[in-house]
$ cat work01.cif   # mmCIF, C-alpha atoms
data_work
loop_
_atom_site.label_atom_id
_atom_site.label_comp_id
_atom_site.auth_asym_id
_atom_site.auth_seq_id
_atom_site.Cartn_x
_atom_site.Cartn_y
_atom_site.Cartn_z
CA MET A 1 88.73 117.63 186.12
CA SER A 2 90.35 120.96 186.93
CA GLN A 3 90.81 121.97 190.56
CA GLN A 4 88.52 124.93 190.01
CA GLY A 5 85.98 122.95 188.01
CA ALA A 6 82.27 122.87 188.44
CA VAL A 7 81.60 119.77 190.48
CA ALA A 8 82.44 121.55 193.73
CA ALA A 9 79.99 124.30 192.78
CA LEU A 10 77.08 121.92 192.28
CA PRO A 11 74.54 121.39 195.09
CA LYS A 12 75.14 118.48 197.45
CA LYS A 13 71.80 117.00 196.41
CA PRO A 14 71.65 117.14 192.61
CA ALA A 15 68.27 117.81 191.05
CA GLN A 16 67.93 116.33 187.58
CA GLY A 17 67.31 118.96 184.96
CA ARG A 18 67.99 121.86 187.32
CA ILE A 19 70.11 123.67 184.72
CA LYS A 20 67.85 125.27 182.13
CA CYS A 21 70.31 127.71 180.54
CA VAL A 22 74.06 127.56 179.96
CA VAL A 23 75.86 130.90 179.57
CA TRP A 24 79.09 130.77 177.57
CA ASP A 25 82.20 132.91 177.44
CA LEU A 26 83.60 133.37 173.93
CA ASP A 27 87.39 133.84 173.86
CA ASN A 28 89.23 130.55 174.45
CA THR A 29 85.92 128.97 175.44
CA LEU A 30 83.52 128.87 172.52
CA TRP A 31 86.40 129.46 170.14
CA ASP A 32 90.18 129.31 170.19
CA GLY A 33 91.83 132.72 170.33
CA VAL A 34 91.10 136.24 171.60
CA LEU A 35 88.92 138.03 169.08
CA LEU A 36 90.17 141.59 169.60
CA GLU A 37 93.82 140.52 169.67
CA ASP A 38 93.96 137.80 167.03
CA GLY A 39 91.41 139.12 164.57
CA GLU A 40 90.46 135.60 163.52
CA VAL A 41 89.28 132.83 165.80
CA THR A 42 88.58 129.13 165.33
CA LEU A 43 85.35 127.61 166.55
CA ARG A 44 85.71 124.64 168.88
CA PRO A 45 83.60 121.90 167.24
CA HIS A 46 83.21 119.79 170.39
CA VAL A 47 81.81 122.82 172.26
CA VAL A 48 79.23 123.41 169.55
CA GLU A 49 78.34 119.71 169.63
CA HIS A 50 77.54 120.04 173.34
CA ILE A 51 75.47 123.16 172.70
CA ARG A 52 73.44 121.51 169.94
CA ARG A 53 72.96 118.32 171.97
CA LEU A 54 71.62 120.24 174.96
CA ASP A 55 69.55 122.47 172.68
CA ARG A 56 67.77 119.41 171.27
CA MET A 57 66.88 118.42 174.85
CA GLY A 58 65.43 121.85 175.57
CA VAL A 59 68.36 123.41 177.46
CA LEU A 60 68.83 127.06 176.48
CA HIS A 61 72.10 128.90 175.80
CA SER A 62 73.34 132.46 176.05
CA VAL A 63 76.60 134.42 176.05
CA ALA A 64 78.40 136.56 178.61
CA SER A 65 81.59 137.93 177.09
CA LYS A 66 83.88 140.90 177.60
CA ASN A 67 84.27 141.91 173.99
CA ASP A 68 83.28 144.44 171.40
CA PRO A 69 79.57 143.75 170.82
CA GLU A 70 79.42 144.42 167.09
CA THR A 71 82.56 142.44 166.34
CA ALA A 72 81.59 139.48 168.50
CA LEU A 73 78.03 139.27 167.20
CA ALA A 74 79.28 139.52 163.62
CA THR A 75 81.68 136.65 164.31
CA LEU A 76 78.92 134.49 165.78
CA ARG A 77 76.85 135.28 162.71
CA ASP A 78 79.68 134.43 160.32
CA LEU A 79 80.25 131.14 162.14
CA GLY A 80 76.57 130.29 161.68
CA ILE A 81 75.75 129.90 165.37
CA GLU A 82 74.27 133.27 166.38
CA ASP A 83 70.74 131.85 166.53
CA LEU A 84 71.76 129.30 169.17
CA PHE A 85 72.07 132.01 171.83
CA LEU A 86 69.28 133.97 173.52
CA CYS A 87 69.89 137.48 174.90
CA PRO A 88 73.69 137.47 174.40
CA GLN A 89 75.41 139.94 176.72
CA ILE A 90 78.60 141.26 175.16
CA GLY A 91 80.38 144.31 176.54
CA TRP A 92 82.54 145.27 179.49
CA ASN A 93 80.23 144.79 182.45
CA ALA A 94 80.85 142.20 185.14
CA LYS A 95 79.73 138.78 183.97
CA SER A 96 77.56 138.38 187.05
CA ASP A 97 75.60 141.43 185.86
CA SER A 98 75.30 139.88 182.41
CA ILE A 99 73.90 136.66 183.87
CA ARG A 100 71.42 138.59 186.00
CA HIS A 101 70.23 140.40 182.88
CA ILE A 102 69.80 137.13 180.98
CA ALA A 103 67.90 135.58 183.91
CA SER A 104 65.54 138.55 184.02
CA ALA A 105 64.93 138.49 180.27
CA LEU A 106 64.22 134.74 180.23
CA ASN A 107 62.27 134.82 183.51
CA LEU A 108 64.40 132.04 185.00
CA GLY A 109 65.80 131.72 188.49
CA LEU A 110 69.56 132.14 188.89
CA ASP A 111 69.81 128.57 190.20
CA ALA A 112 68.72 127.42 186.73
CA PHE A 113 71.95 128.76 185.19
CA ALA A 114 75.41 127.39 184.52
CA PHE A 115 78.31 129.62 183.45
CA VAL A 116 81.22 128.28 181.36
CA ASP A 117 84.48 130.26 181.20
CA ASP A 118 88.17 129.51 180.84
CA GLN A 119 89.25 132.26 183.27
CA PRO A 120 89.39 131.44 187.01
CA PHE A 121 88.91 135.14 187.84
CA GLU A 122 85.64 135.36 185.89
CA ARG A 123 84.28 132.17 187.44
CA ALA A 124 85.24 133.39 190.89
CA GLU A 125 83.54 136.75 190.33
CA VAL A 126 80.30 135.03 189.30
CA ALA A 127 80.50 132.49 192.12
CA ALA A 128 80.99 135.25 194.71
CA THR A 129 78.31 137.59 193.37
CA VAL A 130 75.61 135.14 192.25
CA PRO A 131 76.38 131.93 194.16
CA GLU A 132 73.21 130.27 192.87
CA VAL A 133 74.87 129.93 189.45
CA THR A 134 76.84 126.77 188.71
CA CYS A 135 80.33 127.73 187.44
CA VAL A 136 82.11 125.41 185.02
CA ASP A 137 85.71 125.45 183.79
CA VAL A 138 85.64 124.92 180.03
CA VAL A 139 88.19 122.11 180.30
CA ASP A 140 85.63 120.12 182.30
CA ILE A 141 82.62 120.37 180.00
CA ASP A 142 82.93 116.87 178.54
CA GLU A 143 82.28 115.50 182.03
CA VAL A 144 80.14 118.18 183.66
CA LEU A 145 77.65 118.73 180.83
CA HIS A 146 76.65 115.07 181.08
CA LEU A 147 75.77 115.30 184.78
CA PRO A 148 72.10 114.85 185.82
CA GLU A 149 71.71 118.59 186.44
CA PHE A 150 72.09 119.15 182.69
CA ARG A 151 69.69 116.37 181.64
CA PRO A 152 66.06 117.49 181.65
CA ARG A 153 63.67 115.20 183.47
CA PHE A 154 61.46 115.26 180.39
CA VAL A 155 62.57 115.27 176.77
CA THR A 156 59.45 115.59 174.64
CA ASP A 157 58.61 116.53 171.09
CA GLU A 158 58.54 120.15 172.27
CA SER A 159 62.05 120.11 173.76
CA ALA A 160 63.86 120.89 170.51
CA GLU A 161 61.42 123.78 169.95
CA ARG A 162 62.01 125.43 173.33
CA ARG A 163 64.61 127.92 172.09
CA GLY A 164 62.23 129.04 169.35
CA MET A 165 59.43 129.45 171.89
CA TYR A 166 61.64 131.65 174.06
CA GLN A 167 62.78 133.67 171.07
CA ALA A 168 59.17 134.25 170.08
CA GLN A 169 58.35 135.29 173.64
CA LEU A 170 61.24 137.78 173.68
CA THR A 171 59.80 139.27 170.50
CA ARG A 172 56.35 139.49 172.13
CA ASP A 173 57.84 141.11 175.23
CA GLY A 174 59.55 143.74 173.12
CA LEU A 175 56.37 144.44 171.23
CA ALA A 176 54.38 144.72 174.46
CA ARG A 177 56.85 147.22 175.94
CA ASP A 178 56.51 149.49 172.91
CA PHE A 179 52.77 149.03 172.38
CA VAL A 180 50.51 152.03 172.92
CA GLY A 181 46.92 150.97 173.51
CA THR A 182 44.78 148.70 175.66
CA SER A 183 45.71 145.15 176.62
CA GLU A 184 42.78 143.86 174.54
CA GLU A 185 44.11 145.70 171.48
CA PHE A 186 47.56 144.22 172.03
CA LEU A 187 46.17 140.70 172.41
CA ALA A 188 44.01 141.15 169.31
CA GLY A 189 47.14 141.90 167.33
CA LEU A 190 48.69 138.56 168.25
CA ASP A 191 46.25 136.54 166.08
CA MET A 192 45.97 133.78 168.68
CA CYS A 193 44.53 130.37 167.91
CA PHE A 194 43.56 128.10 170.84
CA THR A 195 43.26 124.41 169.90
CA ILE A 196 41.53 121.73 171.98
CA ALA A 197 41.84 118.06 171.06
CA PRO A 198 41.55 114.58 172.58
CA ALA A 199 44.90 113.46 173.96
CA ARG A 200 46.92 111.22 171.67
CA ARG A 201 49.67 108.84 172.72
CA GLU A 202 52.30 111.25 171.45
CA ASP A 203 50.91 113.95 173.77
CA LEU A 204 51.34 111.95 176.96
CA GLN A 205 54.96 112.77 177.83
CA ARG A 206 54.17 116.47 177.75
CA ALA A 207 50.89 115.80 179.60
CA GLU A 208 52.78 113.99 182.38
CA GLU A 209 55.24 116.88 182.55
CA LEU A 210 52.39 119.37 182.90
CA THR A 211 50.91 117.46 185.85
CA LEU A 212 54.27 117.46 187.61
CA ARG A 213 55.37 121.03 186.99
CA THR A 214 52.23 123.17 186.77
CA ASN A 215 51.37 124.78 190.10
CA GLN A 216 49.53 128.09 189.81
CA LEU A 217 46.79 127.02 187.39
CA ASN A 218 46.38 123.49 188.71
CA SER A 219 43.10 122.40 190.28
CA THR A 220 44.34 119.62 192.58
CA GLY A 221 48.14 119.34 192.46
CA ARG A 222 47.82 115.63 191.78
CA THR A 223 50.36 114.11 189.40
CA TYR A 224 49.69 111.44 186.80
CA SER A 225 52.15 109.03 185.21
CA TYR A 226 52.40 108.34 181.51
CA ASP A 227 50.77 104.92 181.98
CA GLU A 228 47.90 106.34 184.05
CA LEU A 229 47.21 108.99 181.43
CA ASP A 230 47.34 106.41 178.64
CA GLU A 231 44.79 104.22 180.43
CA LEU A 232 42.50 107.19 181.08
CA ARG A 233 42.88 108.32 177.45
CA ARG A 234 41.52 104.99 176.27
CA SER A 235 38.72 104.75 178.85
CA ASP A 236 35.15 105.15 177.59
CA ASP A 237 34.22 106.69 180.95
CA HIS A 238 36.80 109.46 180.76
CA LEU A 239 37.66 112.38 178.53
CA LEU A 240 41.28 113.57 178.41
CA LEU A 241 41.80 116.79 176.48
CA VAL A 242 44.95 118.74 175.63
CA ALA A 243 45.10 122.39 174.64
CA SER A 244 47.72 124.27 172.64
CA LEU A 245 48.15 127.88 171.60
CA THR A 246 49.77 129.63 168.66
CA ASP A 247 50.03 133.25 167.56
CA ARG A 248 51.67 135.14 164.73
CA PHE A 249 55.08 134.77 166.36
CA GLY A 250 54.93 131.01 166.78
CA GLY A 251 53.66 128.29 169.09
CA TYR A 252 53.47 128.08 172.87
CA GLY A 253 53.27 124.30 172.71
CA LYS A 254 50.82 122.18 174.68
CA ILE A 255 49.71 124.39 177.53
CA GLY A 256 46.55 122.84 178.99
CA LEU A 257 45.20 119.53 180.19
CA ALA A 258 41.78 118.42 181.45
CA LEU A 259 40.49 115.07 182.72
CA VAL A 260 36.76 114.42 183.02
CA GLU A 261 35.10 111.35 184.53
CA LYS A 262 31.73 110.93 182.82
CA THR A 263 28.49 109.47 184.14
CA GLN A 264 25.02 109.89 182.71
CA ASP A 265 23.95 112.65 185.11
CA VAL A 266 27.22 114.23 186.29
CA TRP A 267 30.55 114.92 184.64
CA HIS A 268 33.33 115.24 187.21
CA LEU A 269 36.36 117.34 186.31
CA ARG A 270 39.13 115.45 188.11
CA MET A 271 42.02 117.51 186.76
CA MET A 272 42.24 120.94 185.17
CA LEU A 273 45.51 122.73 184.60
CA MET A 274 46.99 125.43 182.42
CA SER A 275 50.64 126.38 181.97
CA CYS A 276 51.62 129.83 183.18
CA ARG A 277 53.10 130.33 179.70
CA VAL A 278 49.70 131.75 178.83
CA MET A 279 48.61 133.46 182.05
CA SER A 280 49.12 136.87 180.47
CA ARG A 281 47.32 135.92 177.26
CA GLY A 282 43.76 136.04 178.58
CA VAL A 283 42.95 132.44 177.60
CA GLY A 284 42.98 130.72 180.98
CA MET A 285 39.22 130.06 180.94
CA VAL A 286 38.83 128.89 177.33
CA LEU A 287 39.37 125.16 178.02
CA LEU A 288 37.18 125.25 181.12
CA ASN A 289 34.32 126.97 179.29
CA HIS A 290 34.59 124.42 176.48
CA LEU A 291 34.10 121.60 179.00
CA MET A 292 31.08 123.41 180.43
CA ARG A 293 29.54 123.51 176.96
CA LEU A 294 30.21 119.81 176.39
CA ALA A 295 28.59 118.87 179.71
CA ARG A 296 25.52 120.97 178.98
CA SER A 297 25.20 119.41 175.51
CA ALA A 298 25.35 115.96 177.12
CA GLY A 299 22.60 116.91 179.56
CA ALA A 300 24.91 116.42 182.54
CA ALA A 301 25.87 118.59 185.48
CA LEU A 302 29.54 119.50 185.79
CA HIS A 303 31.38 119.18 189.09
CA ALA A 304 35.08 119.92 189.61
CA ASP A 305 37.61 118.80 192.21
CA PHE A 306 39.68 121.55 193.77
CA VAL A 307 42.40 121.08 196.38
CA GLU A 308 43.91 124.14 198.03
CA THR A 309 47.66 123.64 197.65
CA GLY A 310 48.82 127.09 198.72
CA ARG A 311 50.06 127.83 195.22
CA ASN A 312 46.94 127.48 193.08
CA ARG A 313 44.96 130.54 194.14
CA MET A 314 44.89 131.59 190.46
CA MET A 315 42.99 128.43 189.55
CA GLN A 316 40.50 129.08 192.34
CA ILE A 317 39.88 132.54 190.88
CA THR A 318 39.49 131.04 187.40
CA TYR A 319 36.76 128.70 188.64
CA ALA A 320 34.99 131.57 190.41
CA PHE A 321 35.06 133.76 187.30
CA SER A 322 33.62 130.86 185.32
CA GLY A 323 30.61 130.63 187.63
CA PHE A 324 31.60 127.64 189.79
CA THR A 325 30.40 127.60 193.41
CA GLU A 326 31.15 125.30 196.33
CA VAL A 327 29.04 122.13 196.57
CA SER A 328 30.88 120.35 199.37
CA ARG A 329 34.10 120.60 201.37
CA ASP A 330 36.33 118.25 203.34
CA GLY A 331 39.18 120.28 204.80
CA ASP A 332 41.17 121.70 201.89
CA ARG A 333 39.38 119.43 199.40
CA VAL A 334 36.45 121.09 197.68
CA VAL A 335 33.90 120.00 195.10
CA LEU A 336 32.66 122.86 192.93
CA GLY A 337 29.57 122.98 190.77
CA ALA A 338 29.23 124.81 187.45
CA ASP A 339 26.41 127.13 186.47
CA LEU A 340 25.70 125.80 182.99
CA ASP A 341 22.94 128.33 182.35
CA ASN A 342 25.41 131.20 182.05
CA LEU A 343 28.26 130.22 179.76
CA GLN A 344 30.88 132.71 178.62
CA ASP A 345 32.17 133.10 175.09
CA PRO A 346 35.91 132.96 174.45
CA PRO A 347 37.65 136.35 174.21
CA ALA A 348 37.09 138.08 170.88
CA TYR A 349 40.83 138.08 170.17
CA VAL A 350 41.09 134.26 170.16
CA THR A 351 40.15 131.83 167.39
CA LEU A 352 38.96 128.57 168.92
CA ASP A 353 39.81 125.37 167.02
CA ILE A 354 38.11 122.20 168.29
CA LEU A 355 39.54 118.91 167.00
CA ASP A 356 37.58 115.69 167.43
CA GLY A 357 38.69 112.46 165.82
CA GLY A 358 40.72 114.31 163.22
CA GLU A 359 37.96 116.77 162.32
CA SER A 360 38.35 120.47 162.90
CA GLU A 361 35.67 122.96 163.83
CA SER A 362 37.08 126.48 163.82
CA GLU A 363 35.29 129.57 164.98
CA SER A 364 36.33 133.12 165.69
CA GLU A 365 34.20 134.46 168.51
CA SER A 366 32.81 137.96 168.23
CA GLU A 367 31.88 138.53 171.86
CA SER A 368 34.54 139.08 174.48
CA GLY A 369 34.61 136.94 177.61
CA SER A 370 36.15 137.93 180.90
CA GLY A 371 38.98 135.41 180.84
CA SER A 372 41.88 137.83 181.05
CA GLU A 373 44.46 137.21 183.74
CA SER A 374 47.65 138.96 184.67
CA GLY A 375 50.73 136.85 185.15
CA SER A 376 54.22 135.85 184.18
CA ARG A 377 55.93 135.31 180.88
CA LEU A 378 56.83 132.13 179.07
CA ASP A 379 58.39 129.94 181.72
CA SER A 380 58.34 130.71 185.45
CA ASP A 381 61.15 128.21 186.02
CA ALA A 382 62.36 129.66 189.30
CA GLY A 383 63.18 126.20 190.57
CA ASP A 384 61.99 122.59 190.75
CA GLY A 385 58.31 122.14 190.15
CA ALA A 386 57.86 125.48 188.44
CA ASP A 387 55.17 125.91 185.85
CA VAL A 388 56.03 125.31 182.22
#
$ encode --input "work01.cif" --output "structure tokens"
Amino acid sequence: MSQQGAVAALPKKPAQGRIKCVVWDLDNTLWDGVLLEDGEVTLRPHVVEHIRRLDRMGVLHSVASKNDPETALATLRDLGIEDLFLCPQIGWNAKSDSIRHIASALNLGLDAFAFVDDQPFERAEVAATVPEVTCVDVVDIDEVLHLPEFRPRFVTDESAERRGMYQAQLTRDGLARDFVGTSEEFLAGLDMCFTIAPARREDLQRAEELTLRTNQLNSTGRTYSYDELDELRRSDDHLLLVASLTDRFGGYGKIGLALVEKTQDVWHLRMMLMSCRVMSRGVGMVLLNHLMRLARSAGAALHADFVETGRNRMMQITYAFSGFTEVSRDGDRVVLGADLDNLQDPPAYVTLDILDGGESESESESESGSGSESGSRLDSDAGDGADV
């Protein structure tokens, strides 16, 4: 490993999967040669292999290069790899500024970034200006890119789709910036479809990930293992539901999870969580209201556990807006009760698709609910334990 390689720049206590985006230089890094001097460059196949391997695991990639933007982008396009990179920053600004711009666009913390460059000066500039970023000498990538920091804790069926989800969100963000009208009109134009279904075995890795990483819209903060979720999924006394969301730009993936313990007279909502991917989409109450309808149809009351974690104030507000009130309290542990006589319809801009045992019941509601929240964009991955 080079003397100015990346290992020294990594934290003393590595956190697996900490790196969520790798930012690449171009000249003599992604390809051999200097584009503006040589005219033609040769792609480095082993670099692209690393990029594609990490991409399949859900690690994102971008570019920070001092180059002519049109020429460099055209070259990436001609080489067939332009789509691998989100928010490429090509120009003559400091590379630390480029990385800051990428972090802002992707809504990721700077400590979630690694920067690969062949030039010691460029790595030093980034290390001095944004020390949270892990700097990597390109000669060291065969070793460094296999370190735990670059291996996500969870590799699920959604991992290979993560780049597409971010690209779709960037498109939505651009549309939202240019949109003239109300938020309801903007959301109506997204053609959203919210799907609720019983959890299947293939959903459980993502479900486990949601329990570990969702904080703001999480009722208790309790985590569940894959095996625990699988046992609960198969229990006749429990109902484990997963929710997903799509719109005309693509899918958000599995974004919600609910666990209900059922008795004849009372259904007890033991876990309710929603990814902050959808906090700004006005659908945070759709899954909760669906459970309220199911409980009422079963002739049961609905109670819900809530534990004040210091980070889940948004979930507390969601319960309040849905008509839940406090039944009992033990310190920061609260049991809430639902008012099943006053149920809210889903927002008018959402089509609700209920799947049960392979059957689909779709309906597009005509009356607007009050489930609109304000919040962050796709992935508030500011650090470990961030919502996904």
$ residues_around --input "work01.cif" --residues "region 323-339 of chain A" --least-positions-apart "3" --cutoff "10 Å" --atoms "all atoms listed in the file" --output "PDB file with C-alpha atoms, in the frame of the given file"
ATOM      1  CA  THR A 220      44.340 119.620 192.580  1.00  0.00           C
ATOM      2  CA  HIS A 268      33.330 115.240 187.210  1.00  0.00           C
ATOM      3  CA  LEU A 269      36.360 117.340 186.310  1.00  0.00           C
ATOM      4  CA  ARG A 270      39.130 115.450 188.110  1.00  0.00           C
ATOM      5  CA  ASN A 289      34.320 126.970 179.290  1.00  0.00           C
ATOM      6  CA  MET A 292      31.080 123.410 180.430  1.00  0.00           C
ATOM      7  CA  ALA A 295      28.590 118.870 179.710  1.00  0.00           C
ATOM      8  CA  ARG A 296      25.520 120.970 178.980  1.00  0.00           C
ATOM      9  CA  ALA A 301      25.870 118.590 185.480  1.00  0.00           C
ATOM     10  CA  LEU A 302      29.540 119.500 185.790  1.00  0.00           C
ATOM     11  CA  HIS A 303      31.380 119.180 189.090  1.00  0.00           C
ATOM     12  CA  ALA A 304      35.080 119.920 189.610  1.00  0.00           C
ATOM     13  CA  ASP A 305      37.610 118.800 192.210  1.00  0.00           C
ATOM     14  CA  PHE A 306      39.680 121.550 193.770  1.00  0.00           C
ATOM     15  CA  VAL A 307      42.400 121.080 196.380  1.00  0.00           C
ATOM     16  CA  GLU A 308      43.910 124.140 198.030  1.00  0.00           C
ATOM     17  CA  THR A 309      47.660 123.640 197.650  1.00  0.00           C
ATOM     18  CA  GLY A 310      48.820 127.090 198.720  1.00  0.00           C
ATOM     19  CA  GLN A 316      40.500 129.080 192.340  1.00  0.00           C
ATOM     20  CA  ILE A 317      39.880 132.540 190.880  1.00  0.00           C
ATOM     21  CA  THR A 318      39.490 131.040 187.400  1.00  0.00           C
ATOM     22  CA  TYR A 319      36.760 128.700 188.640  1.00  0.00           C
ATOM     23  CA  ALA A 320      34.990 131.570 190.410  1.00  0.00           C
ATOM     24  CA  ASN A 342      25.410 131.200 182.050  1.00  0.00           C
ATOM     25  CA  LEU A 343      28.260 130.220 179.760  1.00  0.00           C
ATOM     26  CA  GLN A 344      30.880 132.710 178.620  1.00  0.00           C
TER      27      GLN A 344
END
$ resolve_selection --input "work01.cif" --expression "the PyMOL selection byres ((chain A and resi 40) around 12)" --output "ChimeraX atom specification"
/A:27,31-39,41-43,71-72,74-76,78-79
$ write_last_selection --input "work01.cif" --atoms "C-alpha atoms" --output "PDB file, keeping the file's coordinate frame"
ATOM      1  CA  ASP A  27      87.390 133.840 173.860  1.00  0.00           C
ATOM      2  CA  TRP A  31      86.400 129.460 170.140  1.00  0.00           C
ATOM      3  CA  ASP A  32      90.180 129.310 170.190  1.00  0.00           C
ATOM      4  CA  GLY A  33      91.830 132.720 170.330  1.00  0.00           C
ATOM      5  CA  VAL A  34      91.100 136.240 171.600  1.00  0.00           C
ATOM      6  CA  LEU A  35      88.920 138.030 169.080  1.00  0.00           C
ATOM      7  CA  LEU A  36      90.170 141.590 169.600  1.00  0.00           C
ATOM      8  CA  GLU A  37      93.820 140.520 169.670  1.00  0.00           C
ATOM      9  CA  ASP A  38      93.960 137.800 167.030  1.00  0.00           C
ATOM     10  CA  GLY A  39      91.410 139.120 164.570  1.00  0.00           C
ATOM     11  CA  VAL A  41      89.280 132.830 165.800  1.00  0.00           C
ATOM     12  CA  THR A  42      88.580 129.130 165.330  1.00  0.00           C
ATOM     13  CA  LEU A  43      85.350 127.610 166.550  1.00  0.00           C
ATOM     14  CA  THR A  71      82.560 142.440 166.340  1.00  0.00           C
ATOM     15  CA  ALA A  72      81.590 139.480 168.500  1.00  0.00           C
ATOM     16  CA  ALA A  74      79.280 139.520 163.620  1.00  0.00           C
ATOM     17  CA  THR A  75      81.680 136.650 164.310  1.00  0.00           C
ATOM     18  CA  LEU A  76      78.920 134.490 165.780  1.00  0.00           C
ATOM     19  CA  ASP A  78      79.680 134.430 160.320  1.00  0.00           C
ATOM     20  CA  LEU A  79      80.250 131.140 162.140  1.00  0.00           C
TER      21      LEU A  79
END
$ closest_residue --input "work01.cif" --among "A:Asp97, A:Glu49, A:Asp345, A:Asp55" --to "Arg163 (chain A)" --atoms "all atoms listed in the file"
A:Asp55
$ closest_residue --input "work01.cif" --among "A:Val126, A:Ala64, A:Leu240, A:Ala15" --to "Pro152 (chain A)" --atoms "all atoms listed in the file"
A:Ala15
$ atom_distance --input "work01.cif" --atom1 "CA of Pro45 (chain A)" --atom2 "CA of Leu106 (chain A)"
26.6 Å
$ resolve_selection --input "work01.cif" --expression "the PyMOL selection byres ((chain A and resi 17) around 7)" --output "PDB file with C-alpha atoms, keeping the file's coordinate frame"
ATOM      1  CA  ALA A  15      68.270 117.810 191.050  1.00  0.00           C
ATOM      2  CA  GLN A  16      67.930 116.330 187.580  1.00  0.00           C
ATOM      3  CA  ARG A  18      67.990 121.860 187.320  1.00  0.00           C
ATOM      4  CA  ILE A  19      70.110 123.670 184.720  1.00  0.00           C
ATOM      5  CA  LYS A  20      67.850 125.270 182.130  1.00  0.00           C
ATOM      6  CA  PRO A 148      72.100 114.850 185.820  1.00  0.00           C
ATOM      7  CA  GLU A 149      71.710 118.590 186.440  1.00  0.00           C
ATOM      8  CA  PHE A 150      72.090 119.150 182.690  1.00  0.00           C
ATOM      9  CA  ARG A 151      69.690 116.370 181.640  1.00  0.00           C
ATOM     10  CA  PRO A 152      66.060 117.490 181.650  1.00  0.00           C
ATOM     11  CA  ARG A 153      63.670 115.200 183.470  1.00  0.00           C
TER      12      ARG A 153
END
$ closest_residue --input "work01.cif" --among "A:Phe321, A:Phe194, A:Trp92, A:Phe113" --to "Asp353 (chain A)" --atoms "all atoms listed in the file"
A:Phe194
$ axis_aligned_box --input "work01.cif" --around "region 215-223 of chain A" --padding-each-side "6 Å" --output "lines of an AutoDock Vina configuration file"
center_x = 47.2
center_y = 121.1
center_z = 190.0
size_x = 20.3
size_y = 26.0
size_z = 17.2
$ resolve_selection --input "work01.cif" --expression "the PyMOL selection byres ((chain A and resi 216) around 7)" --output "PyMOL selection string"
chain A and resi 214-215+217-218+311-315
$ closest_residue --input "work01.cif" --among "A:Tyr252, A:Trp24, A:Phe179, A:Phe154" --to "His50 (chain A)" --atoms "all atoms listed in the file"
A:Trp24
$ closest_residue --input "work01.cif" --among "A:Met285, A:Arg53, A:Arg123, A:Ser322" --to "Pro346 (chain A)" --atoms "only C-alpha atoms"
A:Met285
$ atom_distance --input "work01.cif" --atom1 "CA of Glu261 (chain A)" --atom2 "CA of Val286 (chain A)"
19.3 Å
$ build_atoms --input "work01.cif" --residues "region 271-280 of chain A" --atoms "N, CA, C and O atoms" --output "PDB file, keeping the file's coordinate frame"
ATOM      1  N   MET A 271      40.763 116.768 186.904  1.00  0.00           N
ATOM      2  CA  MET A 271      42.020 117.510 186.760  1.00  0.00           C
ATOM      3  C   MET A 271      41.809 118.624 185.752  1.00  0.00           C
ATOM      4  O   MET A 271      41.244 118.413 184.679  1.00  0.00           O
ATOM      5  N   MET A 272      42.280 119.800 186.090  1.00  0.00           N
ATOM      6  CA  MET A 272      42.240 120.940 185.170  1.00  0.00           C
ATOM      7  C   MET A 272      43.490 121.758 185.429  1.00  0.00           C
ATOM      8  O   MET A 272      43.731 122.197 186.558  1.00  0.00           O
ATOM      9  N   LEU A 273      44.309 121.939 184.406  1.00  0.00           N
ATOM     10  CA  LEU A 273      45.510 122.730 184.600  1.00  0.00           C
ATOM     11  C   LEU A 273      45.872 123.487 183.328  1.00  0.00           C
ATOM     12  O   LEU A 273      45.516 123.093 182.223  1.00  0.00           O
ATOM     13  N   MET A 274      46.578 124.576 183.527  1.00  0.00           N
ATOM     14  CA  MET A 274      46.990 125.430 182.420  1.00  0.00           C
ATOM     15  C   MET A 274      48.381 125.978 182.732  1.00  0.00           C
ATOM     16  O   MET A 274      48.629 126.487 183.834  1.00  0.00           O
ATOM     17  N   SER A 275      49.286 125.881 181.777  1.00  0.00           N
ATOM     18  CA  SER A 275      50.640 126.380 181.970  1.00  0.00           C
ATOM     19  C   SER A 275      50.631 127.900 182.153  1.00  0.00           C
ATOM     20  O   SER A 275      49.852 128.619 181.530  1.00  0.00           O
ATOM     21  N   CYS A 276      51.534 128.380 183.006  1.00  0.00           N
ATOM     22  CA  CYS A 276      51.620 129.830 183.180  1.00  0.00           C
ATOM     23  C   CYS A 276      52.275 130.503 181.980  1.00  0.00           C
ATOM     24  O   CYS A 276      52.408 131.725 181.956  1.00  0.00           O
ATOM     25  N   ARG A 277      52.659 129.733 180.963  1.00  0.00           N
ATOM     26  CA  ARG A 277      53.100 130.330 179.700  1.00  0.00           C
ATOM     27  C   ARG A 277      52.043 131.295 179.156  1.00  0.00           C
ATOM     28  O   ARG A 277      52.364 132.249 178.457  1.00  0.00           O
ATOM     29  N   VAL A 278      50.774 130.992 179.470  1.00  0.00           N
ATOM     30  CA  VAL A 278      49.700 131.750 178.830  1.00  0.00           C
ATOM     31  C   VAL A 278      48.887 132.568 179.826  1.00  0.00           C
ATOM     32  O   VAL A 278      47.826 133.080 179.495  1.00  0.00           O
ATOM     33  N   MET A 279      49.378 132.727 181.037  1.00  0.00           N
ATOM     34  CA  MET A 279      48.610 133.460 182.050  1.00  0.00           C
ATOM     35  C   MET A 279      48.368 134.907 181.642  1.00  0.00           C
ATOM     36  O   MET A 279      47.366 135.510 182.016  1.00  0.00           O
ATOM     37  N   SER A 280      49.287 135.478 180.889  1.00  0.00           N
ATOM     38  CA  SER A 280      49.120 136.870 180.470  1.00  0.00           C
ATOM     39  C   SER A 280      48.459 136.994 179.107  1.00  0.00           C
ATOM     40  O   SER A 280      48.429 138.079 178.535  1.00  0.00           O
TER      41      SER A 280
END
